[in-house]
Amino acid sequence: MHDFDFFVGTWDTINRRLLKALAGCTEWDEFPATSQATTMLGGLANIDEIAFPTKGYNGMTVRLFDPETKEWCLYWMSSRTPVMTVPQVGHFVDGVGDFLGDDIYEGQAIRVRYLWSGISATTARWEQAFSVDGEKTWETNWTMDMTRRV
């Protein structure tokens with residue numbers, strides 16, 4: 001239940017997001033962000049708020065650990081659409097977190113994957129990918145390379 005303890009603190013982030021997901025687009029938008037994360041409920045919850053100053057909105061992730069299944073449920077919401085998404089569910093294996101869930105993107109049913117990797121005392125990487133073919137292929141459409149603020 002302490003998988004996300006590494007994330008507690010303040011992080012500077014370089015975001016790279018495809019201009020258009022699931023459209024064969026190869027153009028990326030790069031923009032900064034800053035996030036602040038904390039644990040709650042003795043480690044059963046991890047919450048972070050991320051500010052995208054050049055985009056004009058904030059987001060928040062709530063991560064809840066289920067001690068019985070040993071899995072995390074990750075919920076996202078933003079100030080643009082203040083409704084929690086369907087959770088991505090998963091766990092860490094050998095320092096890599098893999099979280100999956102079903103969603104709808106522009107009217108199309110998709111599978112969503114969040115991948116956490118490159119975790120150290122001062123760095124972490126998050127990726128979001130979509131699949132429309134039952135997880136046979138994935139399109140990574142958003143990456144965040146994070147550096148801990150000292």
# chains A, B, ... in the order shown; residues from 1 in each chain; ligands from 1
>>> residues_around(residues="Lys20 in chain A", least_positions_apart="5", cutoff="10 Å", atoms="only C-alpha atoms", output="list in words")
Cys25, Thr26, Glu27, Trp28, Asp29 and Asn141 of chain A
>>> write_last_selection(atoms="C-alpha atoms", output="mmCIF file, in the first residue's frame")
data_model
loop_
_atom_site.group_PDB
_atom_site.id
_atom_site.type_symbol
_atom_site.label_atom_id
_atom_site.label_comp_id
_atom_site.auth_asym_id
_atom_site.auth_seq_id
_atom_site.Cartn_x
_atom_site.Cartn_y
_atom_site.Cartn_z
ATOM 1 C CA CYS A 25 -1.460 12.157 -35.543
ATOM 2 C CA THR A 26 2.298 12.436 -34.954
ATOM 3 C CA GLU A 27 2.403 16.052 -33.724
ATOM 4 C CA TRP A 28 3.012 16.571 -30.018
ATOM 5 C CA ASP A 29 2.212 19.557 -27.823
ATOM 6 C CA ASN A 141 -0.925 9.846 -26.408
#
>>> residues_around(residues="Val62 in chain A", least_positions_apart="6", cutoff="7 Å", atoms="only C-alpha atoms", output="list in words")
Asn46, Ile47, Asp48, Leu74, Tyr75 and Trp76 of chain A
>>> write_last_selection(atoms="N, CA, C and O atoms", output="compact mmCIF listing (two decimals), in the first residue's frame")
# COMPACT_ATOMS: atom_id res chain seq x y z
N ASN A 46 -3.63 8.15 -1.99
CA ASN A 46 -2.61 9.07 -2.48
C ASN A 46 -3.34 10.04 -3.39
O ASN A 46 -4.09 9.62 -4.27
N ILE A 47 -3.13 11.32 -3.14
CA ILE A 47 -3.85 12.35 -3.91
C ILE A 47 -2.83 13.36 -4.42
O ILE A 47 -1.92 13.76 -3.69
N ASP A 48 -2.98 13.75 -5.69
CA ASP A 48 -2.16 14.84 -6.18
C ASP A 48 -3.00 15.81 -6.99
O ASP A 48 -4.00 15.44 -7.60
N LEU A 74 -7.27 4.24 -9.69
CA LEU A 74 -6.84 5.61 -9.96
C LEU A 74 -7.99 6.37 -10.63
O LEU A 74 -8.49 5.92 -11.67
N TYR A 75 -8.39 7.48 -10.02
CA TYR A 75 -9.48 8.30 -10.53
C TYR A 75 -8.93 9.68 -10.90
O TYR A 75 -8.21 10.29 -10.11
N TRP A 76 -9.29 10.19 -12.07
CA TRP A 76 -8.82 11.50 -12.55
C TRP A 76 -10.01 12.44 -12.71
O TRP A 76 -11.10 12.02 -13.11
>>> residues_around(residues="Glu106 in chain A", least_positions_apart="2", cutoff="12 Å", atoms="only C-alpha atoms", output="PyMOL selection string")
chain A and resi 20-23+103-104+108-110
>>> write_last_selection(atoms="C-alpha atoms", output="compact mmCIF listing (two decimals), in the first residue's frame")
# COMPACT_ATOMS: atom_id res chain seq x y z
CA LYS A 20 -5.21 14.37 -31.66
CA ALA A 21 -5.48 10.86 -30.22
CA LEU A 22 -6.55 7.86 -32.30
CA ALA A 23 -6.24 9.79 -35.56
CA ASP A 103 -13.60 4.48 -21.12
CA ILE A 104 -15.22 6.34 -24.00
CA GLN A 108 -15.73 5.26 -29.14
CA ALA A 109 -15.21 2.53 -26.53
CA ILE A 110 -11.54 2.34 -25.62
>>> closest_residue(among="A:Glu135, A:Thr147, A:Asp5, A:Tyr105", to="Gly42 in chain A", atoms="only C-alpha atoms")
A:Asp5
>>> atom_distance(atom1="CA of Thr54 in chain A", atom2="CA of Met77 in chain A")
18.0 Å
>>> residues_around(residues="range 11-14 of chain A", least_positions_apart="3", cutoff="10 Å", atoms="only C-alpha atoms", output="ChimeraX atom specification")
/A:7-8,17,30-37,50-52,122-125,143-150
>>> closest_residue(among="A:Trp126, A:Phe4, A:Tyr114, A:Phe65", to="Leu100 in chain A", atoms="only C-alpha atoms")
A:Tyr114
>>> select_by_dssp(residues="chain A", states="strand (DSSP E or B)", output="number ranges by chain")
A: 9-18, 28-40, 45-52, 57-66, 71-78, 88-93, 96-105, 108-117, 123-131, 139-148
>>> residues_around(residues="Asp94 in chain A", least_positions_apart="5", cutoff="12 Å", atoms="only C-alpha atoms", output="compact mmCIF listing (two decimals) with N, CA, C and O atoms, in the first residue's frame")
# COMPACT_ATOMS: atom_id res chain seq x y z
N ASP A 3 3.06 1.91 -2.49
CA ASP A 3 3.60 2.03 -3.85
C ASP A 3 3.77 3.47 -4.31
O ASP A 3 4.70 3.77 -5.05
N TRP A 116 3.39 3.76 -15.01
CA TRP A 116 4.36 4.48 -14.20
C TRP A 116 5.69 3.74 -14.29
O TRP A 116 5.74 2.53 -14.10
N SER A 117 6.77 4.48 -14.59
CA SER A 117 8.09 3.85 -14.72
C SER A 117 9.17 4.88 -14.42
O SER A 117 8.87 6.03 -14.11
N GLY A 118 10.43 4.47 -14.52
CA GLY A 118 11.55 5.38 -14.31
C GLY A 118 11.55 6.03 -12.95
O GLY A 118 12.02 7.16 -12.78
N ILE A 119 11.06 5.31 -11.96
CA ILE A 119 10.90 5.88 -10.63
C ILE A 119 12.22 5.83 -9.86
O ILE A 119 12.85 4.78 -9.74
>>> atom_distance(atom1="CA of Val86 in chain A", atom2="CA of Arg111 in chain A")
11.1 Å
>>> closest_residue(among="A:Arg113, A:Lys70, A:His91, A:Lys55", to="Val132 in chain A", atoms="only C-alpha atoms")
A:Arg113
>>> select_by_dssp(residues="chain A", states="helix (DSSP H, G or I)", output="VMD selection string")
chain A and resid 5 to 7 41 to 43
>>> write_last_selection(atoms="N, CA, C and O atoms", output="CSV table (one decimal), in the first residue's frame")
chain,number,residue,atom,x,y,z
A,5,ASP,N,4.2,6.1,-2.4
A,5,ASP,CA,4.9,7.0,-1.4
A,5,ASP,C,6.0,7.8,-2.1
A,5,ASP,O,6.3,8.9,-1.7
A,6,PHE,N,6.6,7.2,-3.1
A,6,PHE,CA,7.7,8.0,-3.9
A,6,PHE,C,7.2,9.3,-4.4
A,6,PHE,O,8.0,10.2,-4.6
A,7,PHE,N,5.9,9.4,-4.6
A,7,PHE,CA,5.3,10.6,-5.3
A,7,PHE,C,5.0,11.7,-4.4
A,7,PHE,O,4.7,12.8,-4.8
A,41,LEU,N,-4.9,8.5,4.9
A,41,LEU,CA,-5.5,7.3,5.5
A,41,LEU,C,-4.4,6.2,5.7
A,41,LEU,O,-4.6,5.1,5.4
A,42,GLY,N,-3.3,6.7,6.2
A,42,GLY,CA,-2.2,5.8,6.5
A,42,GLY,C,-1.6,5.1,5.3
A,42,GLY,O,-1.0,4.0,5.4
A,43,GLY,N,-1.7,5.7,4.1
A,43,GLY,CA,-1.1,5.1,2.9
A,43,GLY,C,-2.2,4.4,2.0
A,43,GLY,O,-1.9,4.0,0.9
